[in-house]
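> Next up is a structure, given as structure tokens.
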Amino acid sequence: MSSLSRRRLLGSAALVAAAPSLPRPAIAQAAPVRIGLILPMTGPFASTGRQIDAAVRTWLRMNGESHGGRRLEVLLRDDTGVAPDTTRRLAQELVVRERVNVLAGFGLTPLALSTAPVATEARVPMVVMAAGTSIIVQRSPFILRTSFTLPQQTMPIADWAASNGITSCATMVTDYAPGHDSEAAFKRRFTERGGQIPLELRTPLRNPDYAPFLQRVRDARVQALFVFVPSGEGANVMKQFDERGLAQAGIRLIGTGDLTDDDILNEMGDPAIGVITSHFYSAAHDSPENREYVAAFRQIAPNMRPNFMSVGGFDGMRLIAEGLRGTDGNTDGQRLVDAMRGKSWMSPRGPITIDANTRDIVQDVYIRRVERRDGQLWNIEFDRIPQVRDPGT
Ligand code: DHB
């Protein structure tokens, strides 16, 4: 990247003055490859940051630091999860001052969207490890995604509901882009299959109180409620669903697996038992790769159970390493992106591919039921839809 575009990116005279003006070394083969990892380590979505940070460290512990002849160096930044401008500024500083070769992380959609132009202008690959709105990958040719998309995760539960005797269902989603994606996908598939949606509710992203919304669901006398809330929010929904007596009123709770997030599932207690969700990862997934992952993760983070966000971080590191192996350690942004496209491997979640054309993830989606086993709550997978790609909305 030219120093001119680095300077343009920085966008502030004061910051330009502070930026180092040294050119990149002509021969950088031996220098470490720097990964700017931007995550919400504090604030309302800190669980996403903690999970991905632990997963990145787990991946390095399991696979070593050297890939394609280069050592990986991770620079972690906390964007607090709620201010897109902060995420973009951190990305700019990482690119301009720290000369990172890859940007990674991005805990929520607005934070990924605001940073996309930085990746494009800097020609730096941007690995989205968490955010799940469909359009993100289209916002820059340098974006690749190792997480999931909401329509990809939602379609299977809409099918499951329609196939299992549910004909009338309310929806309740968090009122921002991934919630809108999820609502649209559920509505399209469920109504195509003959279902009716008499009530569509959107709850605020900041400081939500679910009680009044759930009261309306109860009054609507639907058979089921479909929910999408971001990681960390599920326990609040579950508590209110229980306290408002929706289960006693005969209303079933279904959703994407964000609702029964492994990070907090155990805290939800009995009200969570029997909840059906569709998702790409359960810590209870029965495979040798997952057992190895869960054990290694727990060595890094003994008090945590890995959740779906963590797996996006784990596979994001693998994608970067695969890219470096493909370029023999060359960090030219376009060459790295080209080396990462089309890669497939066996993840702790199951087989995955980073689609060569869309740069988005293709993966199995599972239907799961919350069950108590050995005194703990788990998402137990009982059906699998193979190799689902983002259907758009
Ligand atoms: C997003 C964030 C989440 O925590 C989640 O579970 C799903 C999507 C997002 O902002 O894209």
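Note on naming: chains are A, B, ... as they come in the structure tokens, residues start from 1 per chain, ligands start from 1 in the order shown.
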If we count only C-alpha atoms and set the cut-off at 9 Å, which residues sit around A:Ala104, ignoring sequence neighbours fewer than 5 positions away in its own chain? Please answer as a list in words.

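Near neighbours after the sequence-gap exclusion: Ile35, Gly36, Leu37, Ile38, Leu39, Pro125, Met126, Val127, Val128, Met129, Gly313, Gly316 and Met317 of chain A.
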
> Return as an MDAnalysis selection string the residues of protein, DNA or RNA that approach ligand 1 to within 6 Å, with only C-alpha atoms and all ligand atoms taken into account.

chainID A and resid 108:109 131:133 178 230:231 258

> Would you put the residues from that selection into a file with N, CA, C and O atoms, as a PDB file, in the first residue's frame?


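Everything below was put into out_25.pdb:
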```pdb
ATOM      1  N   LEU A 108     -19.924  -7.365  15.829  1.00  0.00           N
ATOM      2  CA  LEU A 108     -21.302  -7.048  15.447  1.00  0.00           C
ATOM      3  C   LEU A 108     -21.315  -6.437  14.045  1.00  0.00           C
ATOM      4  O   LEU A 108     -20.353  -5.788  13.625  1.00  0.00           O
ATOM      5  N   THR A 109     -22.443  -6.599  13.374  1.00  0.00           N
ATOM      6  CA  THR A 109     -22.576  -6.149  11.989  1.00  0.00           C
ATOM      7  C   THR A 109     -22.217  -4.683  11.768  1.00  0.00           C
ATOM      8  O   THR A 109     -21.442  -4.377  10.850  1.00  0.00           O
ATOM      9  N   ALA A 131     -19.664 -11.345  12.953  1.00  0.00           N
ATOM     10  CA  ALA A 131     -20.877 -10.679  12.466  1.00  0.00           C
ATOM     11  C   ALA A 131     -21.569 -11.510  11.389  1.00  0.00           C
ATOM     12  O   ALA A 131     -20.917 -12.184  10.598  1.00  0.00           O
ATOM     13  N   GLY A 132     -22.936 -11.433  11.345  1.00  0.00           N
ATOM     14  CA  GLY A 132     -23.696 -12.382  10.550  1.00  0.00           C
ATOM     15  C   GLY A 132     -24.711 -11.839   9.564  1.00  0.00           C
ATOM     16  O   GLY A 132     -25.550 -12.601   9.080  1.00  0.00           O
ATOM     17  N   THR A 133     -24.663 -10.537   9.238  1.00  0.00           N
ATOM     18  CA  THR A 133     -25.608 -10.024   8.241  1.00  0.00           C
ATOM     19  C   THR A 133     -25.125 -10.400   6.842  1.00  0.00           C
ATOM     20  O   THR A 133     -23.936 -10.286   6.540  1.00  0.00           O
ATOM     21  N   PRO A 178     -28.796  -7.818  11.429  1.00  0.00           N
ATOM     22  CA  PRO A 178     -28.933  -9.282  11.456  1.00  0.00           C
ATOM     23  C   PRO A 178     -30.328  -9.733  11.889  1.00  0.00           C
ATOM     24  O   PRO A 178     -30.833 -10.761  11.407  1.00  0.00           O
ATOM     25  N   PRO A 230     -28.836 -11.222  19.687  1.00  0.00           N
ATOM     26  CA  PRO A 230     -27.398 -11.458  19.577  1.00  0.00           C
ATOM     27  C   PRO A 230     -26.842 -12.214  20.780  1.00  0.00           C
ATOM     28  O   PRO A 230     -27.459 -12.251  21.854  1.00  0.00           O
ATOM     29  N   SER A 231     -25.690 -12.789  20.568  1.00  0.00           N
ATOM     30  CA  SER A 231     -24.993 -13.563  21.592  1.00  0.00           C
ATOM     31  C   SER A 231     -24.936 -12.793  22.911  1.00  0.00           C
ATOM     32  O   SER A 231     -24.585 -11.617  22.937  1.00  0.00           O
ATOM     33  N   ASP A 258     -28.271 -18.537  18.458  1.00  0.00           N
ATOM     34  CA  ASP A 258     -27.817 -17.380  19.244  1.00  0.00           C
ATOM     35  C   ASP A 258     -28.587 -17.318  20.570  1.00  0.00           C
ATOM     36  O   ASP A 258     -28.089 -16.825  21.570  1.00  0.00           O
TER      37      ASP A 258
END
```

> Just list as an MDAnalysis selection string whatever in stretch 8-229 of chain A DSSP marks as helix (DSSP H, G or I).

chainID A and resid 8:10 13:18 46:63 84:96 109:122 134:139 150:163 177:192 211:220

> Excluding A:Ala31 and its own-chain neighbours fewer than 6 positions away, which residues fall within 12 Å of it when counting only C-alpha atoms? Please give them as a VMD selection string.

chain A and resid 24 to 25 66 68 to 73 99 to 101 329 to 331

> Once you have the residues from the selection above, write them out as an mmCIF file, in the first residue's frame, restricted to C-alpha atoms.


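Below is the file selection13.cif, written as the result:
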```cif
data_model
loop_
_atom_site.group_PDB
_atom_site.id
_atom_site.type_symbol
_atom_site.label_atom_id
_atom_site.label_comp_id
_atom_site.auth_asym_id
_atom_site.auth_seq_id
_atom_site.Cartn_x
_atom_site.Cartn_y
_atom_site.Cartn_z
ATOM 1 C CA ARG A 24 8.232 -1.131 4.721
ATOM 2 C CA PRO A 25 11.429 -3.194 4.676
ATOM 3 C CA SER A 66 4.734 -20.244 12.218
ATOM 4 C CA GLY A 68 4.044 -20.177 5.353
ATOM 5 C CA GLY A 69 7.475 -19.476 6.835
ATOM 6 C CA ARG A 70 6.193 -16.497 8.819
ATOM 7 C CA ARG A 71 5.430 -16.043 12.486
ATOM 8 C CA LEU A 72 1.921 -14.813 13.314
ATOM 9 C CA GLU A 73 1.677 -11.880 15.690
ATOM 10 C CA ARG A 99 1.226 -1.935 9.531
ATOM 11 C CA VAL A 100 -0.936 -4.990 10.098
ATOM 12 C CA ASN A 101 -1.202 -7.410 7.173
ATOM 13 C CA GLY A 329 4.419 -16.186 3.207
ATOM 14 C CA ASN A 330 3.772 -13.292 0.811
ATOM 15 C CA THR A 331 1.401 -10.784 2.450
#
```

> Can you list, as a short mmCIF file (atom, residue, chain, number, x, y, z; two decimals) with all heavy atoms, in the first residue's frame, every protein, DNA or RNA residue that comes within 8 Å of A:Asp263 when you count only C-alpha atoms, leaving out same-chain residues fewer than 3 positions away?


```
data_model
loop_
_atom_site.label_atom_id
_atom_site.label_comp_id
_atom_site.auth_asym_id
_atom_site.auth_seq_id
_atom_site.Cartn_x
_atom_site.Cartn_y
_atom_site.Cartn_z
N SER A 47 -18.82 -10.86 25.90
CA SER A 47 -18.68 -12.33 25.82
C SER A 47 -18.19 -12.74 24.44
O SER A 47 -17.40 -13.67 24.31
CB SER A 47 -20.00 -13.04 26.17
OG SER A 47 -20.97 -12.83 25.18
N GLY A 232 -25.32 -13.45 24.00
CA GLY A 232 -25.29 -12.83 25.32
C GLY A 232 -26.66 -12.46 25.84
O GLY A 232 -26.85 -12.27 27.03
N ASN A 266 -26.00 -22.71 30.46
CA ASN A 266 -26.16 -23.34 31.77
C ASN A 266 -26.88 -22.47 32.79
O ASN A 266 -27.57 -22.97 33.67
CB ASN A 266 -24.79 -23.73 32.31
CG ASN A 266 -24.60 -25.23 32.25
OD1 ASN A 266 -25.57 -25.99 32.36
ND2 ASN A 266 -23.38 -25.66 32.08
N MET A 304 -14.73 -21.26 30.96
CA MET A 304 -15.65 -20.97 29.85
C MET A 304 -15.92 -22.23 29.02
O MET A 304 -15.07 -23.09 28.89
CB MET A 304 -15.03 -19.91 28.92
CG MET A 304 -15.23 -18.49 29.40
SD MET A 304 -14.07 -17.37 28.60
CE MET A 304 -14.66 -17.39 26.93
N ARG A 305 -17.13 -22.26 28.45
CA ARG A 305 -17.47 -23.29 27.46
C ARG A 305 -17.41 -22.59 26.09
O ARG A 305 -18.03 -21.54 25.93
CB ARG A 305 -18.88 -23.80 27.73
CG ARG A 305 -19.32 -24.88 26.77
CD ARG A 305 -20.82 -25.09 26.84
NE ARG A 305 -21.26 -25.81 28.02
CZ ARG A 305 -22.52 -26.22 28.19
NH1 ARG A 305 -23.45 -25.96 27.28
NH2 ARG A 305 -22.86 -26.86 29.28
N PRO A 306 -16.72 -23.15 25.11
CA PRO A 306 -16.65 -22.46 23.82
C PRO A 306 -18.03 -22.36 23.17
O PRO A 306 -18.79 -23.33 23.18
CB PRO A 306 -15.71 -23.33 22.98
CG PRO A 306 -15.68 -24.66 23.64
CD PRO A 306 -15.95 -24.41 25.11
N ASN A 307 -18.33 -21.20 22.60
CA ASN A 307 -19.62 -21.03 21.92
C ASN A 307 -19.40 -20.85 20.42
O ASN A 307 -18.28 -20.97 19.91
CB ASN A 307 -20.42 -19.87 22.54
CG ASN A 307 -19.89 -18.50 22.16
OD1 ASN A 307 -18.85 -18.36 21.50
ND2 ASN A 307 -20.61 -17.47 22.55
#
```

> With only C-alpha atoms as the atoms that count, which of A:Phe308, A:Phe280, A:Tyr176, A:Phe226 lies nearest to A:Asp364?

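Closest candidate: A:Phe280.
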
> From the set A:Ala272, A:Val294, A:Val33, A:Ala301, which residue has the shortest atom-to-atom contact distance to A:Ser347, counting only C-alpha atoms?

A:Val294

> May I ask which of the residues A:Ile367, A:Ile135, A:Ile166, A:Met238 is the closest one to A:His180, counting only C-alpha atoms?

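With only C-alpha atoms as the atom set, the closest residue is A:Ile135.
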
> If we count only C-alpha atoms, what is near A:Pro271 at a cut-off of 10 Å, once residues fewer than 3 positions away on the same chain are taken out, given as a ChimeraX atom specification?

/A:235,238-243,247,268,274-275,370

> With distances taken over only C-alpha atoms, which of A:Thr58, A:Gln215, A:Thr358, A:Gln223 is nearest to A:Val311?

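Smallest distance to A:Val311 is found for A:Thr58.
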
> So how many Å separate atom CA of A:Val229 and atom CA of A:Ser287, to one decimal?

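Atom CA of A:Ser287 lies 27.6 Å from atom CA of A:Val229.
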
> Go through A:Arg216, A:Pro156, A:Gly250, A:Pro151 and flag the residue nearest A:Ala185, using only C-alpha atoms for the distances.

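Looking at the shortest contact to A:Ala185, the residue is A:Pro151.
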
> Which residues come within 6 Å of A:Val173, counting only C-alpha atoms, excluding same-chain residues fewer than 4 positions away, as an NGL selection string?

:A and (179 or 202 or 227-229)
